[in-house]
file entry_12.cif (mmCIF, C-alpha atoms)
data_query
#
loop_
_atom_site.label_atom_id
_atom_site.label_comp_id
_atom_site.auth_asym_id
_atom_site.auth_seq_id
_atom_site.Cartn_x
_atom_site.Cartn_y
_atom_site.Cartn_z
CA MET B 30 20.49 -26.88 13.32
CA ARG B 31 17.14 -25.97 11.82
CA THR B 32 14.98 -23.03 12.75
CA THR B 33 12.50 -24.02 15.45
CA ILE B 34 8.95 -22.84 15.90
CA GLU B 35 10.03 -21.12 19.13
CA GLU B 36 12.60 -18.95 17.36
CA VAL B 37 11.47 -15.43 16.50
CA VAL B 38 11.50 -14.61 12.78
CA GLY B 39 11.71 -11.01 11.61
CA PHE B 40 10.28 -9.86 8.28
CA VAL B 41 11.10 -6.66 6.40
CA GLY B 42 9.33 -5.88 3.14
CA LEU B 43 5.62 -6.53 3.61
CA GLY B 44 4.32 -5.74 0.16
CA ARG B 45 1.97 -8.12 -1.63
CA MET B 46 4.63 -10.83 -1.83
CA GLY B 47 6.08 -10.31 1.61
CA SER B 48 2.72 -10.11 3.37
CA ALA B 49 1.63 -13.43 1.88
CA MET B 50 4.92 -15.07 2.82
CA ALA B 51 4.92 -13.73 6.38
CA ALA B 52 1.31 -14.83 6.87
CA ASN B 53 2.20 -18.35 5.75
CA LEU B 54 5.01 -18.50 8.31
CA ALA B 55 2.61 -17.34 11.01
CA MET B 56 0.09 -20.00 9.96
CA SER B 57 2.91 -22.57 10.22
CA GLY B 58 3.36 -21.64 13.88
CA TYR B 59 6.26 -19.21 13.77
CA ARG B 60 6.25 -16.01 15.77
CA VAL B 61 6.74 -13.45 13.01
CA LEU B 62 7.63 -9.82 13.74
CA GLY B 63 6.79 -7.73 10.69
CA TYR B 64 8.25 -4.26 10.27
CA VAL B 65 5.78 -1.64 9.01
CA ARG B 66 6.41 2.03 8.31
CA ARG B 67 2.70 2.87 8.37
CA ALA B 68 0.96 2.11 11.62
CA ASP B 69 -2.41 1.94 9.82
CA ARG B 70 -1.35 -1.42 8.33
CA SER B 71 -0.88 -2.99 11.74
CA SER B 72 -4.43 -4.29 12.19
CA ALA B 73 -4.49 -6.04 8.80
CA LEU B 74 -1.14 -7.72 9.49
CA ALA B 75 -2.20 -8.73 12.98
CA ALA B 76 -5.29 -10.40 11.49
CA SER B 77 -2.89 -12.58 9.46
CA GLY B 78 -1.06 -13.65 12.59
CA ILE B 79 1.89 -11.29 12.06
CA HIS B 80 3.08 -9.22 15.02
CA PRO B 81 3.61 -5.71 13.61
CA VAL B 82 6.47 -3.55 14.85
CA THR B 83 7.14 0.05 13.84
CA SER B 84 10.83 0.22 14.73
CA LEU B 85 13.65 -1.77 13.16
CA ASP B 86 15.26 -1.99 16.61
CA GLU B 87 12.41 -4.31 17.63
CA LEU B 88 13.81 -6.92 15.22
CA SER B 89 17.20 -7.05 16.92
CA ALA B 90 16.44 -10.23 18.85
CA CYS B 91 15.32 -12.25 15.81
CA GLY B 92 17.22 -15.45 15.14
CA VAL B 93 16.39 -15.25 11.44
CA LEU B 94 15.57 -12.06 9.58
CA ILE B 95 13.82 -12.33 6.20
CA SER B 96 13.93 -9.45 3.74
CA MET B 97 11.71 -9.06 0.66
CA LEU B 98 12.59 -5.56 -0.54
CA PRO B 99 12.37 -4.15 -4.09
CA ASP B 100 15.98 -3.35 -4.95
CA ASP B 101 19.60 -2.95 -3.84
CA ALA B 102 19.11 0.54 -2.44
CA ALA B 103 16.15 -0.42 -0.23
CA LEU B 104 17.91 -3.52 1.09
CA VAL B 105 21.16 -1.69 1.85
CA GLU B 106 19.28 1.14 3.54
CA VAL B 107 17.60 -1.26 5.95
CA MET B 108 20.56 -3.54 6.59
CA VAL B 109 23.49 -1.10 6.57
CA GLY B 110 21.74 2.23 7.11
CA PRO B 111 23.33 5.65 7.52
CA ARG B 112 26.89 5.67 8.80
CA GLN B 113 25.83 7.66 11.86
CA THR B 114 23.15 5.29 13.12
CA GLY B 115 23.74 2.03 11.27
CA GLY B 116 21.21 -0.53 10.11
CA LEU B 117 19.96 -3.91 11.19
CA ILE B 118 23.32 -5.59 10.72
CA ARG B 119 24.66 -3.58 13.65
CA THR B 120 21.75 -4.47 15.91
CA LEU B 121 21.21 -8.17 15.08
CA ALA B 122 22.88 -10.57 17.46
CA ALA B 123 25.91 -12.60 16.52
CA GLY B 124 24.72 -15.93 15.15
CA ALA B 125 21.59 -14.48 13.54
CA VAL B 126 20.94 -15.33 9.89
CA HIS B 127 19.71 -12.90 7.25
CA LEU B 128 17.57 -14.75 4.70
CA SER B 129 17.52 -12.32 1.77
CA MET B 130 14.67 -13.21 -0.58
CA SER B 131 14.82 -9.97 -2.56
CA THR B 132 15.79 -9.80 -6.23
CA VAL B 133 19.01 -7.81 -5.97
CA SER B 134 22.33 -7.70 -7.79
CA PRO B 135 24.95 -10.41 -7.20
CA GLN B 136 27.34 -7.67 -6.04
CA CYS B 137 24.85 -6.52 -3.41
CA ALA B 138 24.63 -10.09 -2.12
CA THR B 139 28.42 -10.37 -1.98
CA ASP B 140 28.78 -7.08 -0.10
CA LEU B 141 26.05 -7.89 2.43
CA ALA B 142 27.40 -11.38 3.04
CA ALA B 143 30.80 -9.90 3.86
CA GLU B 144 29.28 -7.28 6.15
CA HIS B 145 27.26 -9.89 8.02
CA ALA B 146 30.35 -12.06 8.40
CA ARG B 147 32.19 -9.15 10.04
CA HIS B 148 29.43 -9.10 12.66
CA GLY B 149 29.42 -12.86 13.21
CA GLN B 150 26.14 -13.33 11.34
CA GLY B 151 25.08 -15.57 8.48
CA TYR B 152 23.68 -14.59 5.10
CA VAL B 153 21.62 -16.71 2.71
CA ALA B 154 20.43 -15.44 -0.66
CA ALA B 155 17.08 -17.03 -1.49
CA PRO B 156 15.23 -15.14 -4.26
CA VAL B 157 12.03 -16.69 -5.54
CA PHE B 158 10.24 -17.49 -8.78
CA GLY B 159 6.53 -16.75 -8.46
CA ASN B 160 3.98 -13.97 -8.11
CA PRO B 161 1.88 -12.90 -5.09
CA ASP B 162 -0.75 -15.55 -5.84
CA ALA B 163 1.95 -18.24 -5.85
CA ALA B 164 3.34 -16.83 -2.61
CA LYS B 165 -0.07 -17.06 -0.96
CA ALA B 166 -0.52 -20.65 -2.17
CA ARG B 167 3.01 -21.67 -1.06
CA GLU B 168 3.87 -22.48 -4.66
CA LEU B 169 7.06 -20.44 -4.90
CA PHE B 170 10.26 -21.92 -6.28
CA ILE B 171 13.18 -20.77 -4.16
CA ILE B 172 16.79 -20.46 -5.30
CA SER B 173 19.16 -20.47 -2.34
CA ALA B 174 22.90 -20.12 -1.81
CA GLY B 175 25.02 -19.62 1.27
CA ALA B 176 26.94 -21.49 3.94
CA PRO B 177 25.49 -25.01 4.34
CA ASP B 178 24.88 -24.57 8.08
CA CYS B 179 22.96 -21.33 7.46
CA ILE B 180 20.84 -22.94 4.75
CA ALA B 181 20.11 -25.85 7.10
CA ARG B 182 19.09 -23.33 9.75
CA CYS B 183 16.57 -21.81 7.32
CA ARG B 184 15.35 -25.02 5.70
CA SER B 185 12.09 -25.32 7.64
CA LEU B 186 11.26 -21.70 6.81
CA LEU B 187 11.92 -22.27 3.13
CA ASP B 188 9.78 -25.41 3.20
CA ALA B 189 6.93 -23.37 4.70
CA LEU B 190 7.19 -20.73 1.98
CA GLY B 191 7.53 -22.64 -1.28
CA GLN B 192 7.00 -25.90 -3.09
CA LYS B 193 10.68 -26.54 -3.86
CA THR B 194 14.04 -25.08 -2.90
CA PHE B 195 17.09 -25.36 -5.15
CA VAL B 196 20.50 -24.98 -3.51
CA VAL B 197 23.05 -23.63 -6.00
CA GLY B 198 26.16 -23.45 -3.83
CA ASP B 199 27.74 -21.63 -0.92
CA VAL B 200 28.31 -18.30 -2.71
CA PRO B 201 25.19 -16.16 -2.15
CA ALA B 202 25.63 -14.17 -5.37
CA ALA B 203 25.03 -17.34 -7.40
CA ALA B 204 21.38 -17.48 -6.31
CA ASN B 205 20.81 -13.90 -7.42
CA LEU B 206 22.36 -14.57 -10.82
CA VAL B 207 20.07 -17.58 -11.31
CA LYS B 208 17.09 -15.41 -10.40
CA LEU B 209 18.10 -12.71 -12.89
CA ALA B 210 18.56 -15.35 -15.59
CA GLY B 211 15.03 -16.62 -14.98
CA ASN B 212 13.53 -13.15 -15.08
CA VAL B 213 15.37 -12.35 -18.31
CA MET B 214 13.96 -15.47 -19.95
CA SER B 215 10.46 -14.73 -18.62
CA ALA B 216 10.51 -11.16 -19.96
CA ALA B 217 11.84 -12.26 -23.35
CA THR B 218 9.12 -14.92 -23.51
CA MET B 219 6.42 -12.34 -22.79
CA GLU B 220 7.81 -10.07 -25.48
CA ILE B 221 7.64 -12.74 -28.19
CA MET B 222 4.22 -13.91 -26.98
CA GLY B 223 2.97 -10.34 -27.24
CA GLU B 224 4.26 -10.06 -30.79
CA VAL B 225 2.82 -13.42 -31.87
CA LEU B 226 -0.58 -12.75 -30.31
CA ALA B 227 -0.69 -9.31 -31.94
CA LEU B 228 -0.01 -11.00 -35.27
CA ALA B 229 -2.82 -13.47 -34.59
CA ARG B 230 -5.35 -10.74 -33.77
CA LYS B 231 -4.42 -8.61 -36.74
CA SER B 232 -4.57 -11.62 -39.08
CA GLY B 233 -8.03 -12.67 -37.91
CA LEU B 234 -6.99 -15.68 -35.87
CA ASN B 235 -8.60 -16.37 -32.51
CA PRO B 236 -5.84 -15.49 -29.99
CA GLU B 237 -7.36 -17.66 -27.26
CA GLN B 238 -7.38 -20.67 -29.54
CA LEU B 239 -3.82 -19.96 -30.66
CA LEU B 240 -2.66 -19.74 -27.05
CA THR B 241 -4.41 -23.02 -26.25
CA ILE B 242 -2.71 -24.73 -29.19
CA LEU B 243 0.72 -23.35 -28.32
CA THR B 244 0.52 -24.15 -24.61
CA SER B 245 -0.88 -27.63 -25.31
CA THR B 246 1.93 -28.58 -27.68
CA LEU B 247 5.37 -26.99 -27.74
CA PHE B 248 5.08 -24.16 -25.22
CA GLY B 249 3.50 -25.42 -22.00
CA SER B 250 5.64 -23.65 -19.39
CA ARG B 251 4.15 -21.67 -16.50
CA VAL B 252 5.36 -18.45 -18.13
CA HIS B 253 3.61 -19.25 -21.41
CA ARG B 254 0.40 -20.33 -19.68
CA ILE B 255 0.08 -17.72 -16.92
CA TYR B 256 1.35 -14.65 -18.75
CA GLY B 257 -0.02 -15.72 -22.12
CA ARG B 258 -3.46 -15.74 -20.51
CA LYS B 259 -2.91 -12.21 -19.19
CA ILE B 260 -1.92 -10.99 -22.65
CA VAL B 261 -4.86 -12.67 -24.37
CA SER B 262 -7.34 -11.33 -21.83
CA GLN B 263 -5.58 -7.93 -21.79
CA HIS B 264 -5.59 -8.18 -18.00
CA TYR B 265 -2.49 -6.38 -16.73
CA ALA B 266 -3.60 -5.31 -13.25
CA PRO B 267 -3.19 -5.84 -10.40
CA ALA B 268 0.49 -6.29 -11.09
CA GLY B 269 2.59 -9.14 -9.82
CA LEU B 270 5.75 -7.36 -10.97
CA VAL B 271 5.35 -3.77 -12.16
CA LEU B 272 7.25 -2.54 -15.22
CA PRO B 273 9.86 -0.46 -13.31
CA LEU B 274 10.87 -3.46 -11.18
CA ALA B 275 11.04 -5.68 -14.26
CA LEU B 276 13.24 -3.05 -15.89
CA LYS B 277 15.45 -3.05 -12.79
CA ASP B 278 15.99 -6.79 -13.12
CA ILE B 279 16.76 -6.54 -16.84
CA ARG B 280 19.32 -3.81 -16.17
CA LEU B 281 20.97 -5.91 -13.47
CA ALA B 282 21.19 -8.87 -15.85
CA LEU B 283 22.64 -6.74 -18.62
CA ALA B 284 25.23 -5.36 -16.20
CA GLU B 285 26.30 -8.90 -15.32
CA ALA B 286 26.44 -9.77 -19.01
CA GLU B 287 28.64 -6.77 -19.70
CA LYS B 288 31.03 -7.77 -16.91
CA ALA B 289 31.30 -11.25 -18.41
CA ALA B 290 31.54 -9.96 -22.01
CA VAL B 291 28.38 -11.82 -23.00
CA PRO B 292 26.26 -10.05 -25.65
CA MET B 293 22.51 -10.32 -24.97
CA PRO B 294 20.85 -8.47 -27.87
CA SER B 295 17.36 -9.87 -27.30
CA VAL B 296 17.47 -8.71 -23.68
CA SER B 297 18.41 -5.21 -24.81
CA VAL B 298 15.24 -5.18 -26.93
CA VAL B 299 13.16 -6.12 -23.90
CA ARG B 300 14.80 -3.34 -21.89
CA ASP B 301 13.77 -0.79 -24.52
CA ARG B 302 10.22 -2.17 -24.65
CA LEU B 303 9.88 -1.83 -20.88
CA LEU B 304 11.18 1.72 -21.12
CA ALA B 305 8.59 2.43 -23.83
CA GLY B 306 5.83 1.10 -21.58
CA ILE B 307 6.91 3.29 -18.69
CA ALA B 308 7.07 6.30 -21.02
CA LYS B 309 3.49 5.55 -22.11
CA GLY B 310 2.31 5.73 -18.50
CA TYR B 311 2.12 1.99 -17.82
CA ALA B 312 4.48 1.91 -14.83
CA HIS B 313 1.69 0.56 -12.62
CA LEU B 314 0.96 -2.44 -14.86
CA ASP B 315 2.24 -6.00 -14.70
CA TRP B 316 5.27 -6.83 -16.84
CA SER B 317 3.01 -8.91 -19.09
CA ALA B 318 2.01 -5.46 -20.44
CA LEU B 319 4.84 -6.13 -22.89
CA GLY B 320 1.91 -7.67 -24.79
CA LEU B 321 0.03 -4.38 -24.59
CA ILE B 322 3.00 -2.51 -26.04
CA ALA B 323 3.35 -5.02 -28.88
CA ALA B 324 -0.35 -4.76 -29.71
CA GLU B 325 -0.34 -0.97 -29.71
CA GLU B 326 2.66 -0.89 -32.02
CA ALA B 327 0.68 -3.17 -34.34
CA GLY B 328 -2.13 -0.60 -34.38
CA LEU B 329 -4.50 -2.66 -32.25
CA ASN B 330 -6.84 -1.15 -29.67
CA GLN B 331 -6.23 -2.48 -26.16
CA LYS B 332 -7.85 -2.44 -22.76
CA ARG B 333 -5.88 -0.51 -20.13
#
call {"tool": "encode", "arguments": {"input": "entry_12.cif", "output": "structure tokens"}}
result
Amino acid sequence: MRTTIEEVVGFVGLGRMGSAMAANLAMSGYRVLGYVRRADRSSALAASGIHPVTSLDELSACGVLISMLPDDAALVEVMVGPRQTGGLIRTLAAGAVHLSMSTVSPQCATDLAAEHARHGQGYVAAPVFGNPDAAKARELFIISAGAPDCIARCRSLLDALGQKTFVVGDVPAAANLVKLAGNVMSAATMEIMGEVLALARKSGLNPEQLLTILTSTLFGSRVHRIYGRKIVSQHYAPAGLVLPLALKDIRLALAEAEKAAVPMPSVSVVRDRLLAGIAKGYAHLDWSALGLIAAEEAGLNQKR
């Protein structure tokens, strides 16, 4: 059974990504209840067709609840909550489905899926590849995993949010591991692009021309093109993914690698580079600022 337009959809996590996604659902005809902590955001959300609510209890009647929160702690706080009062899991009706689109650890997904099951609810992990601009344009790639009937229930929502959904099985944690793998490869790609473009600049080559050659021949992926352009133009704000959140994802991936006894030395380098950027005061910048760090270490002046 697929989600119908008449069914109420709840949304928690209305940052740049979440706001764009919730607005797209509203434009597709869904009644979207969006939780906001700050009442002053209500008018802007309402203008996007989202119905703002200021209490989590107001989401209790939602058939599907979507979360787009920054990390494990934020997601657990909302869904499980303090032992004394509980979180949304305790207030959602039996039969509701939690569509978790946050980038969280596989263990967090496993724990939440089990907790939802104890309350007769479904859980689908569906993290995304894409930045806020891609979210607004419905160009996200979605990685989903969960019980087939729950994924079917959410299919129309996923179709309204992205350009393609990949189903990677019925174990929710699998989707989160795929997402971490993609973010690891993206970060490592930005690191090497930053180093190569710093070499080009310091050697007198035109970095824009080099990027055009590379992306027109052997390296034409979205990561090379989109983030390579940010590095060449030294344009690191506004951020799609800020350095601390990128570091969070790298740490989660390294933790999974350690559990599986898989050395990932290149990823450890990226972790240290992200730490260096945060130490330099770049926590507010996009993770493509790995290129900024590489250039500065090469003695090149950079825009901030």
call {"tool": "residues_around", "arguments": {"input": "entry_12.cif", "residues": "Gly269 (chain B)", "least_positions_apart": "4", "cutoff": "7 Å", "atoms": "only C-alpha atoms", "output": "list in words"}}
result
Asn160, Pro161 and Asp315 of chain B
call {"tool": "residues_around", "arguments": {"input": "entry_12.cif", "residues": "Val65 (chain B)", "least_positions_apart": "3", "cutoff": "8 Å", "atoms": "only C-alpha atoms", "output": "ChimeraX atom specification"}}
result
/B:41,43,68,70-71,81-84
call {"tool": "resolve_selection", "arguments": {"input": "entry_12.cif", "expression": "the PyMOL selection byres ((chain B and resi 192-208) around 6)", "output": "ChimeraX atom specification"}}
result
/B:135,138-139,154,168-176,191,209-211
call {"tool": "closest_residue", "arguments": {"input": "entry_12.cif", "among": "B:Ser96, B:Gln136, B:Asn212, B:Asn235", "to": "Ala155 (chain B)", "atoms": "only C-alpha atoms"}}
result
B:Ser96
call {"tool": "closest_residue", "arguments": {"input": "entry_12.cif", "among": "B:Ser317, B:His253, B:Pro111, B:Ala216", "to": "Arg300 (chain B)", "atoms": "only C-alpha atoms"}}
result
B:Ala216
call {"tool": "closest_residue", "arguments": {"input": "entry_12.cif", "among": "B:Ala290, B:Leu239, B:Ala143, B:Val133", "to": "Val157 (chain B)", "atoms": "only C-alpha atoms"}}
result
B:Val133
call {"tool": "resolve_selection", "arguments": {"input": "entry_12.cif", "expression": "the PyMOL selection byres ((chain B and resi 331) around 12)", "output": "MDAnalysis selection string"}}
result
chainID B and resid 227 230 260:265 318 320:330 332:333
call {"tool": "build_atoms", "arguments": {"input": "entry_12.cif", "residues": "region 244-262 of chain B", "atoms": "N, CA and C atoms", "output": "PDB file, in the coordinates of the input"}}
result
ATOM      1  N   THR B 244       0.218 -23.659 -25.957  1.00  0.00           N
ATOM      2  CA  THR B 244       0.520 -24.150 -24.610  1.00  0.00           C
ATOM      3  C   THR B 244       0.196 -25.622 -24.435  1.00  0.00           C
ATOM      4  N   SER B 245      -0.556 -26.204 -25.380  1.00  0.00           N
ATOM      5  CA  SER B 245      -0.880 -27.630 -25.310  1.00  0.00           C
ATOM      6  C   SER B 245       0.106 -28.480 -26.100  1.00  0.00           C
ATOM      7  N   THR B 246       0.994 -27.823 -26.838  1.00  0.00           N
ATOM      8  CA  THR B 246       1.930 -28.580 -27.680  1.00  0.00           C
ATOM      9  C   THR B 246       3.378 -28.273 -27.302  1.00  0.00           C
ATOM     10  N   LEU B 247       3.950 -27.254 -27.913  1.00  0.00           N
ATOM     11  CA  LEU B 247       5.370 -26.990 -27.740  1.00  0.00           C
ATOM     12  C   LEU B 247       5.721 -26.044 -26.603  1.00  0.00           C
ATOM     13  N   PHE B 248       4.756 -25.247 -26.137  1.00  0.00           N
ATOM     14  CA  PHE B 248       5.080 -24.160 -25.220  1.00  0.00           C
ATOM     15  C   PHE B 248       4.176 -24.198 -23.990  1.00  0.00           C
ATOM     16  N   GLY B 249       4.385 -25.204 -23.146  1.00  0.00           N
ATOM     17  CA  GLY B 249       3.500 -25.420 -22.000  1.00  0.00           C
ATOM     18  C   GLY B 249       4.054 -24.971 -20.665  1.00  0.00           C
ATOM     19  N   SER B 250       5.059 -24.088 -20.660  1.00  0.00           N
ATOM     20  CA  SER B 250       5.640 -23.650 -19.390  1.00  0.00           C
ATOM     21  C   SER B 250       4.674 -22.759 -18.615  1.00  0.00           C
ATOM     22  N   ARG B 251       4.981 -22.554 -17.333  1.00  0.00           N
ATOM     23  CA  ARG B 251       4.150 -21.670 -16.500  1.00  0.00           C
ATOM     24  C   ARG B 251       4.148 -20.253 -17.055  1.00  0.00           C
ATOM     25  N   VAL B 252       5.284 -19.811 -17.575  1.00  0.00           N
ATOM     26  CA  VAL B 252       5.360 -18.450 -18.130  1.00  0.00           C
ATOM     27  C   VAL B 252       4.430 -18.327 -19.325  1.00  0.00           C
ATOM     28  N   HIS B 253       4.477 -19.305 -20.229  1.00  0.00           N
ATOM     29  CA  HIS B 253       3.610 -19.250 -21.410  1.00  0.00           C
ATOM     30  C   HIS B 253       2.137 -19.291 -21.010  1.00  0.00           C
ATOM     31  N   ARG B 254       1.801 -20.167 -20.051  1.00  0.00           N
ATOM     32  CA  ARG B 254       0.400 -20.330 -19.680  1.00  0.00           C
ATOM     33  C   ARG B 254      -0.135 -19.141 -18.875  1.00  0.00           C
ATOM     34  N   ILE B 255       0.583 -18.762 -17.823  1.00  0.00           N
ATOM     35  CA  ILE B 255       0.080 -17.720 -16.920  1.00  0.00           C
ATOM     36  C   ILE B 255       0.094 -16.352 -17.593  1.00  0.00           C
ATOM     37  N   TYR B 256       1.236 -15.989 -18.177  1.00  0.00           N
ATOM     38  CA  TYR B 256       1.350 -14.650 -18.750  1.00  0.00           C
ATOM     39  C   TYR B 256       0.718 -14.573 -20.136  1.00  0.00           C
ATOM     40  N   GLY B 257       0.699 -15.694 -20.842  1.00  0.00           N
ATOM     41  CA  GLY B 257      -0.020 -15.720 -22.120  1.00  0.00           C
ATOM     42  C   GLY B 257      -1.501 -15.435 -21.913  1.00  0.00           C
ATOM     43  N   ARG B 258      -2.056 -15.988 -20.833  1.00  0.00           N
ATOM     44  CA  ARG B 258      -3.460 -15.740 -20.510  1.00  0.00           C
ATOM     45  C   ARG B 258      -3.702 -14.268 -20.192  1.00  0.00           C
ATOM     46  N   LYS B 259      -2.773 -13.640 -19.485  1.00  0.00           N
ATOM     47  CA  LYS B 259      -2.910 -12.210 -19.190  1.00  0.00           C
ATOM     48  C   LYS B 259      -2.897 -11.388 -20.471  1.00  0.00           C
ATOM     49  N   ILE B 260      -2.016 -11.746 -21.400  1.00  0.00           N
ATOM     50  CA  ILE B 260      -1.920 -10.990 -22.650  1.00  0.00           C
ATOM     51  C   ILE B 260      -3.173 -11.183 -23.493  1.00  0.00           C
ATOM     52  N   VAL B 261      -3.659 -12.408 -23.584  1.00  0.00           N
ATOM     53  CA  VAL B 261      -4.860 -12.670 -24.370  1.00  0.00           C
ATOM     54  C   VAL B 261      -6.067 -11.943 -23.790  1.00  0.00           C
ATOM     55  N   SER B 262      -6.185 -11.971 -22.474  1.00  0.00           N
ATOM     56  CA  SER B 262      -7.340 -11.330 -21.830  1.00  0.00           C
ATOM     57  C   SER B 262      -7.139  -9.831 -21.633  1.00  0.00           C
TER      58      SER B 262
END
